[in-house]
Amino acid sequence: MYSGLLIILLPLIAGYLIPLKNRPLLHIVNQLLSWMVYVILFIMGISLAFLDNLSANLLLIFKYASVCFLCIFVMNYTALWLLERRRPWKSEHKQEKLPSRIHMALESLKLCGVVIGGFALGLTQWHWLTFASQASEIALLFLLALVGIQLRNSSMTLRQIILNRRGMMVGMVVAVSALAGGAIAALLLGLPLKTGLALASGYGWYSLSGIVLTDSFGPVIGSAAFFNDLARELCAIMLIPTLVRTSRSTALGLCGATSMDFTLPVLQRSGGLDMVPPAVVHGFVLSLIAPVLMAFFSA
């Protein structure tokens, strides 16, 4: 039962055990990680094209992704709103000029284009494309090792994480409330509980959740996970500037794991420099537990 869990965790742990101090090498690791995301999402698109009853399955993907997104978003929003009520996070910062939210949304949507490109190639049904699932497994192991290296060398120490109470607090609230949303979604969709929990464990990390869950549950659930987490990031980009005025915890929490990278500039310009340390800690914590929880619920 736990062989799948070990297969996912071992390369992650192996990567985490590799210390890298050389900046050029770290840059290469980051570049490789970006390229591997595109490669694996392309393969995911190919696998999607080989599904039986394709049109029915596409509707199923949309249904799963929509219900999961709504359940998780509502549970996250409610829990973060309650946190803000009990422990207000105040600031006098005035918003700076924001980067184009449309441009940032288009950057995220490029990944959808990669999946669609793979899907279009898969429709040709060329014989050699049937090896896509094996290629995906090998690429996934390599990607997880790179993720482990990146987490180890992110310059975040355990002391820095524990001492930033706001980032830790928001991260824990998001982690638990998202799982509650995933459980509700599983109930509404008639899915096994562990599938709903696995779908909720991506925390917005669409480039990993789609890959891991495709490998474990097949292309329907994997694609639903990808679009669910992508919708989270797009929604966060649009809502941060408004939410940060009334509920800074909510503005941070809705970003999920992306608060330490993609949505960080929007958080900083909307909420000020004091948003940056909690955002990095929050994103780091969710990035650390996301692959572990996905692997556990996929076992």
# chains A, B, ... in the order shown; residues from 1 in each chain; ligands from 1
call {"tool": "residues_around", "arguments": {"residues": "region 214-224 of chain A", "least_positions_apart": "2", "cutoff": "9 Å", "atoms": "only C-alpha atoms", "output": "CSV table (one decimal) with all heavy atoms, in the first residue's frame"}}
result
chain,number,residue,atom,x,y,z
A,4,GLY,N,3.8,3.3,-3.2
A,4,GLY,CA,3.6,4.6,-4.0
A,4,GLY,C,4.1,5.8,-3.2
A,4,GLY,O,4.7,6.7,-3.7
A,44,MET,N,1.1,15.1,-19.5
A,44,MET,CA,-0.2,15.0,-18.9
A,44,MET,C,-1.3,15.2,-20.0
A,44,MET,O,-2.3,14.5,-20.0
A,44,MET,CB,-0.4,15.9,-17.8
A,44,MET,CG,-1.7,15.7,-16.9
A,44,MET,SD,-1.7,16.8,-15.5
A,44,MET,CE,-2.5,18.2,-16.2
A,45,GLY,N,-1.1,16.2,-20.9
A,45,GLY,CA,-2.0,16.5,-21.9
A,45,GLY,C,-2.2,15.3,-22.9
A,45,GLY,O,-3.3,15.0,-23.4
A,47,SER,N,-1.6,12.1,-22.2
A,47,SER,CA,-2.3,11.0,-21.5
A,47,SER,C,-3.8,11.3,-21.5
A,47,SER,O,-4.6,10.4,-21.6
A,47,SER,CB,-1.8,10.9,-20.0
A,47,SER,OG,-0.5,10.6,-20.0
A,48,LEU,N,-4.2,12.6,-21.4
A,48,LEU,CA,-5.6,13.0,-21.4
A,48,LEU,C,-6.3,12.6,-22.7
A,48,LEU,O,-7.4,12.2,-22.7
A,48,LEU,CB,-5.7,14.5,-21.1
A,48,LEU,CG,-7.1,15.1,-20.8
A,48,LEU,CD1,-7.6,14.4,-19.5
A,48,LEU,CD2,-7.0,16.6,-20.6
A,51,LEU,N,-7.8,9.0,-23.1
A,51,LEU,CA,-8.9,8.5,-22.3
A,51,LEU,C,-10.1,8.0,-23.1
A,51,LEU,O,-10.4,8.5,-24.2
A,51,LEU,CB,-9.5,9.7,-21.5
A,51,LEU,CG,-8.7,10.2,-20.2
A,51,LEU,CD1,-9.4,11.4,-19.7
A,51,LEU,CD2,-8.7,9.1,-19.2
A,57,ASN,N,-15.5,12.5,-20.3
A,57,ASN,CA,-14.4,12.7,-19.2
A,57,ASN,C,-14.0,14.2,-19.1
A,57,ASN,O,-13.7,14.7,-18.0
A,57,ASN,CB,-13.2,11.9,-19.6
A,57,ASN,CG,-13.4,10.5,-19.1
A,57,ASN,OD1,-13.8,10.2,-18.0
A,57,ASN,ND2,-13.0,9.5,-19.9
A,58,LEU,N,-14.0,15.0,-20.2
A,58,LEU,CA,-13.7,16.4,-20.2
A,58,LEU,C,-14.8,17.1,-19.3
A,58,LEU,O,-14.4,18.0,-18.5
A,58,LEU,CB,-13.7,17.0,-21.6
A,58,LEU,CG,-12.4,16.6,-22.4
A,58,LEU,CD1,-12.5,17.2,-23.8
A,58,LEU,CD2,-11.1,17.0,-21.7
A,60,LEU,N,-16.4,15.7,-16.9
A,60,LEU,CA,-16.2,15.3,-15.6
A,60,LEU,C,-15.0,16.0,-14.9
A,60,LEU,O,-15.1,16.4,-13.7
A,60,LEU,CB,-15.8,13.8,-15.6
A,60,LEU,CG,-16.0,13.0,-14.3
A,60,LEU,CD1,-17.4,13.0,-13.8
A,60,LEU,CD2,-15.6,11.5,-14.6
A,61,ILE,N,-14.0,16.3,-15.7
A,61,ILE,CA,-12.8,17.1,-15.2
A,61,ILE,C,-13.3,18.5,-14.8
A,61,ILE,O,-13.0,19.0,-13.7
A,61,ILE,CB,-11.7,17.2,-16.3
A,61,ILE,CG1,-11.0,15.9,-16.5
A,61,ILE,CG2,-10.7,18.3,-15.9
A,61,ILE,CD1,-10.2,15.8,-17.7
A,62,PHE,N,-14.1,19.1,-15.6
A,62,PHE,CA,-14.7,20.5,-15.3
A,62,PHE,C,-15.5,20.4,-14.1
A,62,PHE,O,-15.4,21.3,-13.2
A,62,PHE,CB,-15.5,21.0,-16.5
A,62,PHE,CG,-16.1,22.3,-16.2
A,62,PHE,CD1,-15.4,23.5,-16.3
A,62,PHE,CD2,-17.5,22.4,-15.9
A,62,PHE,CE1,-15.9,24.7,-16.0
A,62,PHE,CE2,-18.1,23.7,-15.7
A,62,PHE,CZ,-17.3,24.8,-15.7
A,63,LYS,N,-16.3,19.4,-13.9
A,63,LYS,CA,-17.2,19.3,-12.8
A,63,LYS,C,-16.4,19.1,-11.5
A,63,LYS,O,-16.6,19.8,-10.5
A,63,LYS,CB,-18.1,18.1,-13.0
A,63,LYS,CG,-19.0,17.8,-11.8
A,63,LYS,CD,-19.8,16.5,-12.0
A,63,LYS,CE,-20.6,16.1,-10.8
A,63,LYS,NZ,-21.4,14.8,-11.1
A,64,TYR,N,-15.4,18.2,-11.5
A,64,TYR,CA,-14.6,17.9,-10.3
A,64,TYR,C,-13.8,19.2,-9.9
A,64,TYR,O,-13.7,19.5,-8.8
A,64,TYR,CB,-13.6,16.8,-10.6
A,64,TYR,CG,-14.2,15.4,-10.7
A,64,TYR,CD1,-13.4,14.3,-11.1
A,64,TYR,CD2,-15.5,15.1,-10.3
A,64,TYR,CE1,-13.9,13.0,-11.1
A,64,TYR,CE2,-16.0,13.9,-10.3
A,64,TYR,CZ,-15.2,12.8,-10.7
A,64,TYR,OH,-15.7,11.5,-10.8
A,65,ALA,N,-13.2,19.8,-10.9
A,65,ALA,CA,-12.4,21.0,-10.7
A,65,ALA,C,-13.2,22.1,-10.1
A,65,ALA,O,-12.8,22.8,-9.1
A,65,ALA,CB,-11.7,21.5,-11.9
A,66,SER,N,-14.4,22.4,-10.6
A,66,SER,CA,-15.3,23.4,-10.2
A,66,SER,C,-15.8,23.2,-8.8
A,66,SER,O,-15.7,24.1,-7.9
A,66,SER,CB,-16.5,23.6,-11.1
A,66,SER,OG,-16.1,23.8,-12.4
A,68,CYS,N,-14.5,21.2,-6.4
A,68,CYS,CA,-13.3,21.2,-5.5
A,68,CYS,C,-12.9,22.7,-5.2
A,68,CYS,O,-12.7,23.1,-4.1
A,68,CYS,CB,-12.2,20.4,-6.1
A,68,CYS,SG,-12.4,18.7,-5.9
A,133,SER,N,2.8,7.5,-20.1
A,133,SER,CA,2.6,7.2,-18.7
A,133,SER,C,3.9,6.9,-18.0
A,133,SER,O,4.3,7.3,-16.9
A,133,SER,CB,1.6,6.2,-18.4
A,133,SER,OG,1.9,4.9,-19.0
A,136,SER,N,6.1,9.9,-17.9
A,136,SER,CA,5.6,10.8,-16.8
A,136,SER,C,6.2,10.4,-15.5
A,136,SER,O,6.5,11.2,-14.7
A,136,SER,CB,4.1,10.8,-16.8
A,136,SER,OG,3.6,11.6,-15.8
A,137,GLU,N,6.2,9.1,-15.2
A,137,GLU,CA,6.7,8.6,-13.9
A,137,GLU,C,8.2,8.9,-13.7
A,137,GLU,O,8.6,9.3,-12.6
A,137,GLU,CB,6.5,7.0,-13.8
A,137,GLU,CG,5.0,6.6,-13.7
A,137,GLU,CD,4.8,5.1,-13.7
A,137,GLU,OE1,5.9,4.4,-13.7
A,137,GLU,OE2,3.7,4.7,-13.8
A,140,LEU,N,8.5,12.6,-13.2
A,140,LEU,CA,8.0,13.0,-11.9
A,140,LEU,C,9.1,12.8,-10.8
A,140,LEU,O,9.3,13.6,-9.9
A,140,LEU,CB,6.8,12.2,-11.5
A,140,LEU,CG,6.2,12.4,-10.1
A,140,LEU,CD1,5.8,13.8,-9.9
A,140,LEU,CD2,5.0,11.5,-9.9
A,195,THR,N,-9.4,10.7,-2.1
A,195,THR,CA,-9.3,11.4,-3.4
A,195,THR,C,-9.6,12.9,-3.2
A,195,THR,O,-8.9,13.7,-3.7
A,195,THR,CB,-10.3,10.8,-4.4
A,195,THR,OG1,-10.0,9.4,-4.5
A,195,THR,CG2,-10.0,11.5,-5.8
A,199,LEU,N,-6.9,15.9,-3.6
A,199,LEU,CA,-7.2,17.1,-4.5
A,199,LEU,C,-7.0,18.4,-3.7
A,199,LEU,O,-6.6,19.4,-4.3
A,199,LEU,CB,-8.6,17.0,-5.0
A,199,LEU,CG,-8.9,16.1,-6.2
A,199,LEU,CD1,-10.4,15.8,-6.3
A,199,LEU,CD2,-8.3,16.7,-7.5
A,209,SER,N,0.7,19.3,-8.3
A,209,SER,CA,-0.5,18.5,-7.9
A,209,SER,C,-1.1,17.8,-9.1
A,209,SER,O,-1.4,16.6,-9.0
A,209,SER,CB,-1.6,19.4,-7.3
A,209,SER,OG,-2.1,20.4,-8.3
A,210,GLY,N,-1.1,18.4,-10.3
A,210,GLY,CA,-1.6,17.8,-11.5
A,210,GLY,C,-0.7,16.6,-11.9
A,210,GLY,O,-1.2,15.5,-12.3
A,211,ILE,N,0.6,16.7,-11.7
A,211,ILE,CA,1.5,15.7,-12.0
A,211,ILE,C,1.4,14.5,-11.1
A,211,ILE,O,1.2,13.3,-11.5
A,211,ILE,CB,2.9,16.2,-12.0
A,211,ILE,CG1,3.1,17.3,-13.1
A,211,ILE,CG2,4.0,15.1,-12.3
A,211,ILE,CD1,4.3,18.2,-12.8
A,212,VAL,N,1.4,14.8,-9.8
A,212,VAL,CA,1.4,13.7,-8.8
A,212,VAL,C,0.1,12.9,-8.8
A,212,VAL,O,0.1,11.7,-8.8
A,212,VAL,CB,1.6,14.3,-7.4
A,212,VAL,CG1,1.4,13.2,-6.3
A,212,VAL,CG2,3.0,14.8,-7.2
A,226,PHE,N,-5.1,20.0,-11.4
A,226,PHE,CA,-4.3,21.1,-12.0
A,226,PHE,C,-5.2,22.3,-12.2
A,226,PHE,O,-4.8,23.5,-11.8
A,226,PHE,CB,-3.8,20.6,-13.4
A,226,PHE,CG,-3.3,21.7,-14.3
A,226,PHE,CD1,-2.1,22.3,-14.0
A,226,PHE,CD2,-4.1,22.3,-15.3
A,226,PHE,CE1,-1.5,23.3,-14.8
A,226,PHE,CE2,-3.6,23.3,-16.1
A,226,PHE,CZ,-2.3,23.8,-15.9
A,227,PHE,N,-6.4,22.2,-12.7
A,227,PHE,CA,-7.3,23.3,-12.9
A,227,PHE,C,-7.9,23.9,-11.6
A,227,PHE,O,-8.1,25.1,-11.5
A,227,PHE,CB,-8.4,22.9,-13.9
A,227,PHE,CG,-8.0,22.7,-15.3
A,227,PHE,CD1,-8.0,21.5,-15.9
A,227,PHE,CD2,-7.5,23.8,-16.0
A,227,PHE,CE1,-7.6,21.3,-17.2
A,227,PHE,CE2,-7.1,23.6,-17.3
A,227,PHE,CZ,-7.1,22.3,-17.9
A,228,ASN,N,-8.1,23.0,-10.6
A,228,ASN,CA,-8.5,23.5,-9.3
A,228,ASN,C,-7.4,24.4,-8.7
A,228,ASN,O,-7.7,25.5,-8.2
A,228,ASN,CB,-8.7,22.3,-8.4
A,228,ASN,CG,-8.8,22.7,-6.9
A,228,ASN,OD1,-9.5,23.6,-6.5
A,228,ASN,ND2,-8.0,22.0,-6.1
A,229,ASP,N,-6.2,24.0,-8.7
A,229,ASP,CA,-5.1,24.8,-8.1
A,229,ASP,C,-4.8,26.1,-9.0
A,229,ASP,O,-4.4,27.1,-8.4
A,229,ASP,CB,-3.9,24.0,-7.9
A,229,ASP,CG,-4.0,23.0,-6.7
A,229,ASP,OD1,-4.6,23.5,-5.7
A,229,ASP,OD2,-3.6,21.9,-6.8
A,295,ALA,N,1.2,12.6,-1.5
A,295,ALA,CA,1.8,11.3,-1.5
A,295,ALA,C,1.1,10.4,-0.5
A,295,ALA,O,0.7,9.2,-0.8
A,295,ALA,CB,3.3,11.3,-1.2
A,298,SER,N,-2.4,9.6,-1.7
A,298,SER,CA,-2.4,8.8,-2.9
A,298,SER,C,-1.9,7.4,-2.7
A,298,SER,O,-2.0,6.6,-3.7
A,298,SER,CB,-1.5,9.5,-4.0
A,298,SER,OG,-1.9,10.8,-4.2
A,299,ALA,N,-1.4,7.1,-1.5
A,299,ALA,CA,-0.8,5.8,-1.3
A,299,ALA,C,-1.9,4.7,-1.4
A,299,ALA,O,-3.0,4.8,-0.9
A,299,ALA,CB,-0.2,5.7,0.1
call {"tool": "residues_around", "arguments": {"residues": "Val37 (chain A)", "least_positions_apart": "2", "cutoff": "9 Å", "atoms": "only C-alpha atoms", "output": "PyMOL selection string"}}
result
chain A and resi 32-35+39-42+111+143+207-208+211
call {"tool": "write_last_selection", "arguments": {"atoms": "N, CA, C and O atoms", "output": "JSON list (two decimals), in the first residue's frame"}}
result
[["chain", "number", "residue", "atom", "x", "y", "z"],
["A", 32, "LEU", "N", 15.92, 24.07, -14.46],
["A", 32, "LEU", "CA", 15.50, 22.70, -14.76],
["A", 32, "LEU", "C", 14.10, 22.43, -14.22],
["A", 32, "LEU", "O", 13.29, 21.78, -14.87],
["A", 33, "LEU", "N", 13.82, 22.96, -13.02],
["A", 33, "LEU", "CA", 12.51, 22.76, -12.41],
["A", 33, "LEU", "C", 11.42, 23.39, -13.28],
["A", 33, "LEU", "O", 10.37, 22.79, -13.51],
["A", 34, "SER", "N", 11.69, 24.58, -13.78],
["A", 34, "SER", "CA", 10.72, 25.26, -14.66],
["A", 34, "SER", "C", 10.48, 24.47, -15.93],
["A", 34, "SER", "O", 9.34, 24.28, -16.37],
["A", 35, "TRP", "N", 11.57, 23.97, -16.54],
["A", 35, "TRP", "CA", 11.44, 23.20, -17.79],
["A", 35, "TRP", "C", 10.70, 21.89, -17.55],
["A", 35, "TRP", "O", 9.88, 21.48, -18.36],
["A", 39, "VAL", "N", 7.45, 20.12, -19.37],
["A", 39, "VAL", "CA", 7.55, 18.79, -19.99],
["A", 39, "VAL", "C", 6.47, 17.85, -19.44],
["A", 39, "VAL", "O", 5.77, 17.17, -20.20],
["A", 40, "ILE", "N", 6.32, 17.83, -18.12],
["A", 40, "ILE", "CA", 5.39, 16.87, -17.52],
["A", 40, "ILE", "C", 3.94, 17.26, -17.78],
["A", 40, "ILE", "O", 3.08, 16.40, -18.00],
["A", 41, "LEU", "N", 3.65, 18.56, -17.79],
["A", 41, "LEU", "CA", 2.28, 18.98, -18.11],
["A", 41, "LEU", "C", 1.95, 18.66, -19.57],
["A", 41, "LEU", "O", 0.80, 18.33, -19.90],
["A", 42, "PHE", "N", 2.95, 18.73, -20.45],
["A", 42, "PHE", "CA", 2.75, 18.35, -21.85],
["A", 42, "PHE", "C", 2.41, 16.86, -21.95],
["A", 42, "PHE", "O", 1.49, 16.46, -22.66],
["A", 111, "LEU", "N", 0.49, 27.71, -18.85],
["A", 111, "LEU", "CA", 0.57, 26.29, -18.52],
["A", 111, "LEU", "C", -0.63, 25.53, -19.08],
["A", 111, "LEU", "O", -0.52, 24.37, -19.44],
["A", 143, "LEU", "N", 11.64, 15.50, -11.09],
["A", 143, "LEU", "CA", 11.10, 16.78, -10.64],
["A", 143, "LEU", "C", 11.05, 16.84, -9.11],
["A", 143, "LEU", "O", 11.39, 17.87, -8.51],
["A", 207, "SER", "N", 1.45, 23.09, -10.61],
["A", 207, "SER", "CA", 2.48, 22.44, -11.42],
["A", 207, "SER", "C", 2.92, 21.11, -10.82],
["A", 207, "SER", "O", 3.50, 20.28, -11.51],
["A", 208, "LEU", "N", 2.65, 20.89, -9.54],
["A", 208, "LEU", "CA", 3.00, 19.62, -8.91],
["A", 208, "LEU", "C", 1.77, 18.75, -8.69],
["A", 208, "LEU", "O", 1.80, 17.55, -8.93],
["A", 211, "ILE", "N", 0.57, 16.74, -11.68],
["A", 211, "ILE", "CA", 1.51, 15.67, -12.05],
["A", 211, "ILE", "C", 1.39, 14.48, -11.09],
["A", 211, "ILE", "O", 1.25, 13.33, -11.50]]
call {"tool": "closest_residue", "arguments": {"among": "A:Leu20, A:Phe69, A:Gly118, A:His127", "to": "Ile184 (chain A)", "atoms": "only C-alpha atoms"}}
result
A:Phe69
call {"tool": "residues_around", "arguments": {"residues": "Ala200 (chain A)", "least_positions_apart": "3", "cutoff": "9 Å", "atoms": "only C-alpha atoms", "output": "ChimeraX atom specification"}}
result
/A:68-69,72,175,178-183,195-197,203-204,225,228-229,294
call {"tool": "closest_residue", "arguments": {"among": "A:Val266, A:Leu189, A:Val280, A:Leu121", "to": "Pro241 (chain A)", "atoms": "only C-alpha atoms"}}
result
A:Val266
call {"tool": "residues_around", "arguments": {"residues": "Cys235 (chain A)", "least_positions_apart": "4", "cutoff": "9 Å", "atoms": "only C-alpha atoms", "output": "list in words"}}
result
Leu230, Ala231, Leu239, Ile240, Leu254 and Cys255 of chain A
call {"tool": "write_last_selection", "arguments": {"atoms": "N, CA and C atoms", "output": "mmCIF file, in the first residue's frame"}}
result
data_model
loop_
_atom_site.group_PDB
_atom_site.id
_atom_site.type_symbol
_atom_site.label_atom_id
_atom_site.label_comp_id
_atom_site.auth_asym_id
_atom_site.auth_seq_id
_atom_site.Cartn_x
_atom_site.Cartn_y
_atom_site.Cartn_z
ATOM 1 N N LEU A 230 -4.885 25.935 -10.289
ATOM 2 C CA LEU A 230 -4.656 27.094 -11.152
ATOM 3 C C LEU A 230 -5.717 28.163 -10.892
ATOM 4 N N ALA A 231 -6.970 27.737 -10.716
ATOM 5 C CA ALA A 231 -8.060 28.687 -10.428
ATOM 6 C C ALA A 231 -7.794 29.409 -9.119
ATOM 7 N N LEU A 239 -7.990 39.082 -6.247
ATOM 8 C CA LEU A 239 -8.610 39.514 -4.994
ATOM 9 C C LEU A 239 -7.651 40.162 -3.993
ATOM 10 N N ILE A 240 -6.350 39.905 -4.096
ATOM 11 C CA ILE A 240 -5.398 40.415 -3.099
ATOM 12 C C ILE A 240 -5.531 41.921 -2.859
ATOM 13 N N LEU A 254 -5.240 32.906 0.786
ATOM 14 C CA LEU A 254 -5.808 32.463 -0.485
ATOM 15 C C LEU A 254 -4.730 32.213 -1.545
ATOM 16 N N CYS A 255 -3.531 32.755 -1.329
ATOM 17 C CA CYS A 255 -2.431 32.530 -2.279
ATOM 18 C C CYS A 255 -1.901 31.105 -2.208
#
call {"tool": "closest_residue", "arguments": {"among": "A:Leu293, A:Leu80, A:Leu267, A:Met75", "to": "Met169 (chain A)", "atoms": "only C-alpha atoms"}}
result
A:Leu80
call {"tool": "residues_around", "arguments": {"residues": "Ala279 (chain A)", "least_positions_apart": "2", "cutoff": "7 Å", "atoms": "only C-alpha atoms", "output": "VMD selection string"}}
result
chain A and resid 167 252 259 to 260 264 275 to 277 281 to 283
